[in-house]
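So the structure is just underneath, and the comments pick up after that.
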Amino acid sequence: MTKKIAIIFLLALIGIGVNAQLPVGGWTIHSPFGGVSTIAETKNMTYYLSVGSLFSVDKRTNEVRSLNISNDLNGGAIKGIYPHPEGKYLIVAYQDCNIDRINDDGSVINISDISDALITGKPAINHVGFGNGRFYVATTFGLVTIDDNRNETVETMFSPMSVNKVFGVGDHVVIAYNGKLMAAPASEHLVSIDKFNFVGGNETSWTFGDYSTVLGDKRVLFTHKSGNNNKAIIADFDFDADKLVYGTVRHNNADVILTHIVPVGTDKAFVANGTYMFTYNADTQASAPEVTKFPAILKGQTLSALDGLGHMWGGNADGICQYDITDRANPIQLGEKFGKTEFSAAGCNRIFAQPNGDVYFWNENADGGFQIGLSGKSSLKLASFHNISKFSDLTPTQLNNKGQAISAISLPMWVAQDPRDETVYYVASYNQGIFRIKGREQVEQYTSDNSPITSQYNYRIAYIGFDAFDNLWVIQQYPYVRNQNIHTISYEDLTSGAVTKDMWNTFDGEDYIGPSSVGCALKQSKMMAFAKGFWSNVIVLVKQNNTKAPNDDNISFITSYVDQDNKTLAFDHIGTLCEDKKGRLWVGTDKGVFEITDPSKITSDIAQVNHLKVPRNDGTGLADYLLDALTISCIAVDSSNRKWISTTTAGVYLVSENGDQIIEHYDTSNSILPTNTVFSVACDPNSSSVFFATAAGVVEYNSTAAPASENLDDVYAYPNPVRPDYSGWITVTGLMDNTLVKIADSAGNVFFQGRSEGGMITWDGCNANGDRVKTGVYYVFASHGSGSDSGSDSCVTKIMVIN
């Protein structure tokens, strides 16, 4: 079927570097770039994968596009890309077993037969091969044969074990199965593993690696993993005689430890080991390849050569470009590298919204699923987002760890912006203490030399944050530090330029502070809240006694929670803490959400809480606890005090201010979210943008809530002009809260009237009868106040509508 996605007002992401204003209800994915892992070509296009994101290059124009679920694709998390050997089309396989076919003209055909099938277990696509007017899909449950004219499944083979690789070799289909190669005639109905046999009775066991290609009608080159090395195997089939001859590529009486297997056109391929290239065609004797030097310029690059060695594509962390290596001794780079995006948000696990409007993205760059209080596993990649300038890279570039130069902050845990200097931010590390960064340069590091942070097990900081008085709070991780693990320092001492240990105050968080701790500054109640996170239901509250001096604080531990129905809540983990605009503390757990309405009234280890309920509105008078069966990963508050709640298995929810209504639920079925596991969510305090962190990159959504302005000086509407093909909401933003808005034509006929909620209001572009208004200029009048105090109307902006 052709692409169908049920998304209202979906905005396609335009080419790299273009940041269009999203309409209300619009989505986009900020596709990450972190180097080139795979290159695949069709006749007119070159495709490359980078940290799970797919990009295309038009060979005729060098135009680069990001392909994702917001524009061309029908899936989010890509498992692999597989080009037809003659360059006819590209197969994109997704982790959920969905498949897209991208034809050379750019059209996309979705083939969802496997993902739609009811298959037990967790099916996955391992490999795709081509031949005989079909493409074959090797899966964990067997083999699927798809006709590439009709783009539909013609045969499915279920097997006891996984099919690791599949190749169309002449008029046969060869599979890698249980460490061995098996073959069957392509004319057979491939519905049973019994249709395949070991050619020549081969019993050799291989571990099949990433690289492979087919040469002619009888030869396959593939990677065999041997220990920590990759070796190239040449397998020559004689199906008529039931024979298989195979051996490793060797040079100077030793097996070649390969770095590449690259097809060259359709009849040649080379194996490379970083020093030499060993070139084969379908008839080259296995022991007598053409041996030439491997150009040093290509070392460490991913390669593709559908158009031959004179137009080979190479890609790495600097981008992608073409090379001419017909003369190996004098390789030529054809133009500068391009296609590298400015900011990589792959594996983004936490997003930190800051008061000044910056939104910090922490890029973990590591695989793995969600863990409550997720700790860093790699080096820091950091950027900020601002609604005007969009992304800017803030990754620190000049760093040292206790005087020794380092390339990156290792194992980042938390990021906090300086409350008085927006150019300064602090990064907590799992093993290097705390870094103070100004711009992109380190200006200070806090370790056991100048703080009470113990060096036992390399510092291990879980959380940092600033309170209502701008004091910095630091959580050091249990189980390595079981007491004296909450530290704080005043802003004045922190920025004095000569921080010493005696400037800090330390509290005993006992065993209630852990390696997956989360924290929250309760600015309205002048408190700090912490939770151990994993395998603990305890919240630690530090009351600041309404004083700026952090040494006057006291600490309490909430160990039991009793709701409005006098029931004790039962849960195992606390994943997030969030203060809303009314000072209420929202707590996300592995059993949904609850609220501590006034944290300042907690006087014992038992807290009275509001277990949030959503009425069923079905006449029964019954209600359900809010997201009761879900594990909550993060909660964020928008400008209308609504709550955006991300989950580990069900996407994200938008709930009302009081949590008594689910306004929206977005997951992979009705949005461009690439996965239902969402690590983090943040609301831009200066715009209507909401960000979601996933393993496949950062997703942005333009919501219906925007912060109110102090006046009506900067009101504008978008999209503007409203073109004939646009049928979404027209947004007027930059308003004061509760502004009376009227939209009228030049004759004074009013087509819309309403009051803004926060700083924006939307209009559907229609008159009172629901018909689209005529082509013309429409005037937006605004006045602030209510009733007789509404003030006089004045035109604040204009909207051009074109039909």
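Here, A, B, ... name the chains of the structure tokens in the order displayed, residue numbers run from 1 inside each chain, and ligands are numbered from 1 in the same displayed order.
All residues of protein, DNA or RNA that reach within 9 Å of A:Val722, judged by only C-alpha atoms and not counting those fewer than 4 positions away in the chain, are Tyr718, Tyr726, Ser727, Ile730, Gly765, Ile799, Met800, Val801, Ile802 and Asn803 of chain A.
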Save out the residues we just selected, N, CA and C atoms, as a compact mmCIF listing (two decimals), in the first residue's frame.
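Written output follows (again.txt):
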```
# COMPACT_ATOMS: atom_id res chain seq x y z
N TYR A 718 0.78 32.83 12.02
CA TYR A 718 1.42 31.87 11.11
C TYR A 718 0.48 30.69 10.90
N TYR A 726 -3.30 24.66 2.37
CA TYR A 726 -3.20 24.55 3.82
C TYR A 726 -4.60 24.51 4.43
N SER A 727 -4.83 23.52 5.31
CA SER A 727 -6.16 23.38 5.93
C SER A 727 -6.07 23.24 7.43
N ILE A 730 -4.70 28.27 11.96
CA ILE A 730 -3.95 29.51 11.83
C ILE A 730 -3.73 30.03 13.25
N GLY A 765 -9.71 29.44 10.02
CA GLY A 765 -9.78 30.08 8.71
C GLY A 765 -11.16 30.04 8.09
N ILE A 799 -3.54 38.89 8.38
CA ILE A 799 -3.39 37.55 7.84
C ILE A 799 -3.84 37.57 6.38
N MET A 800 -2.99 37.11 5.49
CA MET A 800 -3.36 36.98 4.09
C MET A 800 -3.83 35.56 3.82
N VAL A 801 -5.07 35.41 3.31
CA VAL A 801 -5.62 34.12 2.96
C VAL A 801 -5.71 34.04 1.44
N ILE A 802 -5.17 32.95 0.86
CA ILE A 802 -5.19 32.77 -0.59
C ILE A 802 -5.92 31.46 -0.90
N ASN A 803 -6.92 31.52 -1.74
CA ASN A 803 -7.66 30.32 -2.15
C ASN A 803 -7.34 29.95 -3.60
```
**Message:** Could you list, as a list in words, every residue within 7 Å of stretch 501-513 of chain A, counting only C-alpha atoms and ignoring same-chain residues fewer than 2 positions away?
**Reply:** Asn450, Ser451, Pro452, Gln477, Tyr478, Arg482, Asn483, Gln484, Asn485, Ile486, His487, Thr488, Ile489, Asp493, Val499, Ser517, Ala531, Lys532, Val538 and Asn551 of chain A
**Request:** Can you pull out every residue within 12 Å of A:Pro331, counting only C-alpha atoms, but drop anything in the same chain fewer than 2 positions away, and send it as a ChimeraX atom specification?
**Result:** /A:293-298,309-312,322-329,333-334
Take the selection from the previous step and output its residues with all heavy atoms, as a compact mmCIF listing (two decimals), in the first residue's frame.
```txt
# COMPACT_ATOMS: atom_id res chain seq x y z
N LYS A 293 46.86 -1.27 -3.49
CA LYS A 293 46.87 -0.52 -2.24
C LYS A 293 45.48 0.03 -1.95
O LYS A 293 44.76 0.46 -2.85
CB LYS A 293 47.87 0.63 -2.31
CG LYS A 293 49.33 0.21 -2.24
CD LYS A 293 49.70 -0.17 -0.80
CE LYS A 293 51.21 -0.42 -0.68
NZ LYS A 293 51.59 -0.75 0.71
N PHE A 294 45.14 0.01 -0.68
CA PHE A 294 43.88 0.64 -0.25
C PHE A 294 44.19 2.10 0.07
O PHE A 294 45.03 2.38 0.94
CB PHE A 294 43.32 -0.07 0.98
CG PHE A 294 42.00 0.45 1.45
CD1 PHE A 294 40.84 0.23 0.72
CD2 PHE A 294 41.89 1.20 2.63
CE1 PHE A 294 39.61 0.70 1.15
CE2 PHE A 294 40.67 1.69 3.07
CZ PHE A 294 39.52 1.43 2.33
N PRO A 295 43.58 3.06 -0.63
CA PRO A 295 43.92 4.48 -0.41
C PRO A 295 43.72 4.90 1.04
O PRO A 295 42.67 4.65 1.64
CB PRO A 295 42.95 5.22 -1.35
CG PRO A 295 42.62 4.21 -2.41
CD PRO A 295 42.60 2.89 -1.70
N ALA A 296 44.73 5.52 1.59
CA ALA A 296 44.66 5.91 3.01
C ALA A 296 43.51 6.86 3.29
O ALA A 296 42.97 6.87 4.40
CB ALA A 296 45.99 6.56 3.41
N ILE A 297 43.11 7.64 2.27
CA ILE A 297 42.04 8.60 2.47
C ILE A 297 40.71 7.93 2.80
O ILE A 297 39.81 8.53 3.38
CB ILE A 297 41.89 9.50 1.21
CG1 ILE A 297 41.04 10.73 1.51
CG2 ILE A 297 41.30 8.70 0.04
CD1 ILE A 297 40.99 11.71 0.36
N LEU A 298 40.59 6.63 2.46
CA LEU A 298 39.34 5.91 2.69
C LEU A 298 39.31 5.15 4.02
O LEU A 298 38.29 4.58 4.38
CB LEU A 298 39.09 4.92 1.55
CG LEU A 298 38.96 5.50 0.15
CD1 LEU A 298 38.68 4.39 -0.85
CD2 LEU A 298 37.87 6.57 0.10
N LEU A 309 34.54 2.52 -9.32
CA LEU A 309 35.56 3.13 -8.47
C LEU A 309 35.82 4.59 -8.81
O LEU A 309 36.47 5.30 -8.04
CB LEU A 309 36.86 2.33 -8.59
CG LEU A 309 36.78 0.86 -8.12
CD1 LEU A 309 38.13 0.18 -8.29
CD2 LEU A 309 36.30 0.78 -6.68
N GLY A 310 35.34 5.05 -9.94
CA GLY A 310 35.50 6.46 -10.28
C GLY A 310 34.48 7.35 -9.63
O GLY A 310 34.62 8.58 -9.66
N HIS A 311 33.45 6.76 -9.05
CA HIS A 311 32.40 7.54 -8.38
C HIS A 311 31.98 6.84 -7.10
O HIS A 311 30.81 6.61 -6.84
CB HIS A 311 31.20 7.74 -9.30
CG HIS A 311 31.48 8.59 -10.50
ND1 HIS A 311 31.95 8.06 -11.67
CD2 HIS A 311 31.38 9.93 -10.69
CE1 HIS A 311 32.12 9.04 -12.56
NE2 HIS A 311 31.78 10.18 -11.98
N MET A 312 32.98 6.48 -6.31
CA MET A 312 32.73 5.80 -5.04
C MET A 312 32.31 6.80 -3.98
O MET A 312 32.84 7.91 -3.90
CB MET A 312 33.98 5.06 -4.58
CG MET A 312 33.88 4.46 -3.19
SD MET A 312 35.42 3.68 -2.69
CE MET A 312 35.38 2.24 -3.74
N GLN A 322 32.05 11.96 -2.76
CA GLN A 322 32.49 10.98 -3.73
C GLN A 322 34.01 11.01 -3.90
O GLN A 322 34.67 12.03 -3.64
CB GLN A 322 31.83 11.22 -5.09
CG GLN A 322 30.38 10.74 -5.16
CD GLN A 322 29.84 10.81 -6.56
OE1 GLN A 322 29.78 11.87 -7.17
NE2 GLN A 322 29.45 9.66 -7.10
N TYR A 323 34.53 9.86 -4.34
CA TYR A 323 35.96 9.72 -4.60
C TYR A 323 36.16 9.03 -5.95
O TYR A 323 35.34 8.21 -6.37
CB TYR A 323 36.64 8.87 -3.52
CG TYR A 323 36.58 9.46 -2.15
CD1 TYR A 323 35.50 9.20 -1.30
CD2 TYR A 323 37.61 10.29 -1.68
CE1 TYR A 323 35.45 9.74 -0.04
CE2 TYR A 323 37.57 10.83 -0.41
CZ TYR A 323 36.48 10.55 0.42
OH TYR A 323 36.43 11.09 1.66
N ASP A 324 37.27 9.34 -6.58
CA ASP A 324 37.73 8.61 -7.76
C ASP A 324 39.02 7.91 -7.36
O ASP A 324 40.05 8.55 -7.12
CB ASP A 324 37.99 9.59 -8.91
CG ASP A 324 38.44 8.88 -10.19
OD1 ASP A 324 38.79 7.68 -10.12
OD2 ASP A 324 38.47 9.54 -11.24
N ILE A 325 38.96 6.57 -7.26
CA ILE A 325 40.16 5.83 -6.86
C ILE A 325 40.60 4.86 -7.97
O ILE A 325 41.21 3.82 -7.68
CB ILE A 325 39.95 5.06 -5.53
CG1 ILE A 325 38.88 3.96 -5.68
CG2 ILE A 325 39.58 6.01 -4.41
CD1 ILE A 325 38.91 2.95 -4.55
N THR A 326 40.28 5.21 -9.21
CA THR A 326 40.73 4.36 -10.31
C THR A 326 42.26 4.28 -10.33
O THR A 326 42.83 3.25 -10.68
CB THR A 326 40.22 4.89 -11.66
OG1 THR A 326 40.49 6.30 -11.75
CG2 THR A 326 38.72 4.69 -11.78
N ASP A 327 42.92 5.36 -9.94
CA ASP A 327 44.36 5.34 -9.71
C ASP A 327 44.55 5.26 -8.20
O ASP A 327 44.45 6.27 -7.50
CB ASP A 327 45.01 6.60 -10.29
CG ASP A 327 46.53 6.62 -10.09
OD1 ASP A 327 47.06 5.70 -9.42
OD2 ASP A 327 47.17 7.56 -10.58
N ARG A 328 44.85 4.04 -7.71
CA ARG A 328 44.90 3.85 -6.26
C ARG A 328 45.98 4.72 -5.61
O ARG A 328 45.82 5.14 -4.45
CB ARG A 328 45.20 2.39 -5.90
CG ARG A 328 44.34 1.37 -6.60
CD ARG A 328 42.89 1.38 -6.11
NE ARG A 328 42.25 0.14 -6.51
CZ ARG A 328 41.76 -0.10 -7.72
NH1 ARG A 328 41.82 0.85 -8.64
NH2 ARG A 328 41.21 -1.27 -8.00
N ALA A 329 47.04 4.96 -6.34
CA ALA A 329 48.13 5.74 -5.75
C ALA A 329 47.81 7.23 -5.68
O ALA A 329 48.44 7.97 -4.92
CB ALA A 329 49.42 5.54 -6.56
N GLN A 333 39.47 13.18 -4.14
CA GLN A 333 38.22 13.48 -3.46
C GLN A 333 37.43 14.46 -4.32
O GLN A 333 37.92 15.55 -4.64
CB GLN A 333 38.47 14.08 -2.07
CG GLN A 333 37.19 14.40 -1.32
CD GLN A 333 37.44 14.84 0.11
OE1 GLN A 333 38.30 14.28 0.79
NE2 GLN A 333 36.69 15.83 0.57
N LEU A 334 36.23 14.06 -4.71
CA LEU A 334 35.42 14.86 -5.64
C LEU A 334 34.55 15.83 -4.86
O LEU A 334 33.38 15.58 -4.57
CB LEU A 334 34.57 13.94 -6.52
CG LEU A 334 35.33 12.88 -7.30
CD1 LEU A 334 34.37 11.97 -8.06
CD2 LEU A 334 36.33 13.53 -8.25
```
**Secondary structure check, helix (DSSP H, G or I) residues of stretch 162-239 of chain A, as JSON, numbers by chain** = {"A": [193, 194, 195, 199, 200, 201]}
**Prompt:** Nearest to A:Thr42: which of A:Gly533, A:Gly519, A:Gly265, A:Gly227 is it, counting only C-alpha atoms?
**Reply:** A:Gly265
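Using only C-alpha atoms, the contacts of stretch 608-621 of chain A at a cut-off of 7 Å, with sequence neighbours closer than 2 positions omitted, comprise Tyr561, Val562, Asp563, Gln564, Val593, Phe594, Glu595, Ile596, Thr597, Ile606, Ala623, Asp624, Tyr625, Leu626, Gly659, Asp660 and Gln661 of chain A.
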For the residues in the current selection, export N, CA, C and O atoms as a PDB file, in the first residue's frame.
```
ATOM      1  N   TYR A 561       2.351   6.954  51.664  1.00  0.00           N
ATOM      2  CA  TYR A 561       1.496   7.905  50.960  1.00  0.00           C
ATOM      3  C   TYR A 561       0.050   7.441  51.076  1.00  0.00           C
ATOM      4  O   TYR A 561      -0.285   6.325  50.661  1.00  0.00           O
ATOM      5  N   VAL A 562      -0.799   8.284  51.636  1.00  0.00           N
ATOM      6  CA  VAL A 562      -2.208   7.956  51.846  1.00  0.00           C
ATOM      7  C   VAL A 562      -3.039   8.916  51.012  1.00  0.00           C
ATOM      8  O   VAL A 562      -2.878  10.139  51.112  1.00  0.00           O
ATOM      9  N   ASP A 563      -3.930   8.369  50.168  1.00  0.00           N
ATOM     10  CA  ASP A 563      -4.664   9.224  49.240  1.00  0.00           C
ATOM     11  C   ASP A 563      -5.953   9.739  49.838  1.00  0.00           C
ATOM     12  O   ASP A 563      -6.277   9.505  51.010  1.00  0.00           O
ATOM     13  N   GLN A 564      -6.735  10.425  49.022  1.00  0.00           N
ATOM     14  CA  GLN A 564      -7.966  11.078  49.463  1.00  0.00           C
ATOM     15  C   GLN A 564      -9.032  10.078  49.882  1.00  0.00           C
ATOM     16  O   GLN A 564      -9.990  10.453  50.584  1.00  0.00           O
ATOM     17  N   VAL A 593       0.663   8.241  38.385  1.00  0.00           N
ATOM     18  CA  VAL A 593       0.999   9.583  38.856  1.00  0.00           C
ATOM     19  C   VAL A 593       0.165   9.924  40.086  1.00  0.00           C
ATOM     20  O   VAL A 593      -1.007   9.559  40.178  1.00  0.00           O
ATOM     21  N   PHE A 594       0.786  10.635  41.035  1.00  0.00           N
ATOM     22  CA  PHE A 594       0.009  11.250  42.114  1.00  0.00           C
ATOM     23  C   PHE A 594       0.578  12.630  42.404  1.00  0.00           C
ATOM     24  O   PHE A 594       1.642  13.004  41.891  1.00  0.00           O
ATOM     25  N   GLU A 595      -0.134  13.381  43.251  1.00  0.00           N
ATOM     26  CA  GLU A 595       0.214  14.777  43.501  1.00  0.00           C
ATOM     27  C   GLU A 595       0.257  15.035  45.005  1.00  0.00           C
ATOM     28  O   GLU A 595      -0.630  14.600  45.742  1.00  0.00           O
ATOM     29  N   ILE A 596       1.299  15.734  45.432  1.00  0.00           N
ATOM     30  CA  ILE A 596       1.335  16.292  46.784  1.00  0.00           C
ATOM     31  C   ILE A 596       0.951  17.750  46.641  1.00  0.00           C
ATOM     32  O   ILE A 596       1.722  18.565  46.130  1.00  0.00           O
ATOM     33  N   THR A 597      -0.267  18.072  47.069  1.00  0.00           N
ATOM     34  CA  THR A 597      -0.836  19.384  46.764  1.00  0.00           C
ATOM     35  C   THR A 597      -0.067  20.518  47.419  1.00  0.00           C
ATOM     36  O   THR A 597       0.175  21.558  46.798  1.00  0.00           O
ATOM     37  N   ILE A 606       4.520  10.327  56.739  1.00  0.00           N
ATOM     38  CA  ILE A 606       3.314   9.963  56.001  1.00  0.00           C
ATOM     39  C   ILE A 606       2.789  11.209  55.298  1.00  0.00           C
ATOM     40  O   ILE A 606       2.577  12.249  55.930  1.00  0.00           O
ATOM     41  N   ALA A 623     -14.373   6.501  38.185  1.00  0.00           N
ATOM     42  CA  ALA A 623     -13.181   7.127  37.606  1.00  0.00           C
ATOM     43  C   ALA A 623     -12.019   6.144  37.681  1.00  0.00           C
ATOM     44  O   ALA A 623     -12.051   5.183  38.447  1.00  0.00           O
ATOM     45  N   ASP A 624     -11.007   6.396  36.863  1.00  0.00           N
ATOM     46  CA  ASP A 624      -9.799   5.578  36.858  1.00  0.00           C
ATOM     47  C   ASP A 624      -8.623   6.420  37.320  1.00  0.00           C
ATOM     48  O   ASP A 624      -8.525   7.614  37.005  1.00  0.00           O
ATOM     49  N   TYR A 625      -7.698   5.787  38.036  1.00  0.00           N
ATOM     50  CA  TYR A 625      -6.488   6.493  38.424  1.00  0.00           C
ATOM     51  C   TYR A 625      -5.679   6.852  37.182  1.00  0.00           C
ATOM     52  O   TYR A 625      -5.561   6.061  36.241  1.00  0.00           O
ATOM     53  N   LEU A 626      -5.104   8.028  37.176  1.00  0.00           N
ATOM     54  CA  LEU A 626      -4.391   8.550  36.014  1.00  0.00           C
ATOM     55  C   LEU A 626      -3.183   7.678  35.678  1.00  0.00           C
ATOM     56  O   LEU A 626      -2.260   7.542  36.484  1.00  0.00           O
ATOM     57  N   GLY A 659      -5.193  17.160  36.282  1.00  0.00           N
ATOM     58  CA  GLY A 659      -5.018  15.731  36.076  1.00  0.00           C
ATOM     59  C   GLY A 659      -6.301  14.940  35.997  1.00  0.00           C
ATOM     60  O   GLY A 659      -6.273  13.704  36.089  1.00  0.00           O
ATOM     61  N   ASP A 660      -7.433  15.602  35.794  1.00  0.00           N
ATOM     62  CA  ASP A 660      -8.720  14.907  35.764  1.00  0.00           C
ATOM     63  C   ASP A 660      -9.226  14.671  34.341  1.00  0.00           C
ATOM     64  O   ASP A 660     -10.342  14.213  34.137  1.00  0.00           O
ATOM     65  N   GLN A 661      -8.392  14.965  33.358  1.00  0.00           N
ATOM     66  CA  GLN A 661      -8.785  14.749  31.963  1.00  0.00           C
ATOM     67  C   GLN A 661      -7.550  14.436  31.122  1.00  0.00           C
ATOM     68  O   GLN A 661      -6.532  15.129  31.220  1.00  0.00           O
TER      69      GLN A 661
END
```
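Of note, atom CA of A:Gly308 and atom CA of A:Asn230 are spaced 24.6 Å apart.
Across the structure, atom CA of A:Asn537 and atom CA of A:Asn676 are spaced 24.9 Å apart.
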**Request:** Name all residues at most 6 Å from A:Thr46 (count only C-alpha atoms; drop same-chain ones fewer than 3 positions away) and give them as number ranges by chain.
**Result:** A: 40-41, 56-57
For the selection just defined, write its residues with N, CA, C and O atoms to a file, as a tab-separated table (two decimals), in the first residue's frame.
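Contents of part.tsv, as written:
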```
chain	number	residue	atom	x	y	z
A	40	ALA	N	24.01	3.15	0.89
A	40	ALA	CA	23.33	2.30	-0.09
A	40	ALA	C	22.89	3.18	-1.26
A	40	ALA	O	22.41	4.29	-1.06
A	41	GLU	N	23.05	2.66	-2.47
A	41	GLU	CA	22.77	3.46	-3.66
A	41	GLU	C	21.67	2.85	-4.51
A	41	GLU	O	21.52	1.63	-4.61
A	56	SER	N	19.22	11.14	2.38
A	56	SER	CA	19.39	10.85	0.96
A	56	SER	C	20.18	11.98	0.30
A	56	SER	O	20.10	13.14	0.71
A	57	VAL	N	20.95	11.61	-0.74
A	57	VAL	CA	21.65	12.57	-1.57
A	57	VAL	C	21.23	12.34	-3.01
A	57	VAL	O	21.33	11.21	-3.52
```
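Among A:Ile437, A:Ala549, A:Ala186, A:Leu622, the residue with the shortest atom-to-atom distance to A:Glu492, counting only C-alpha atoms, is A:Ala549.
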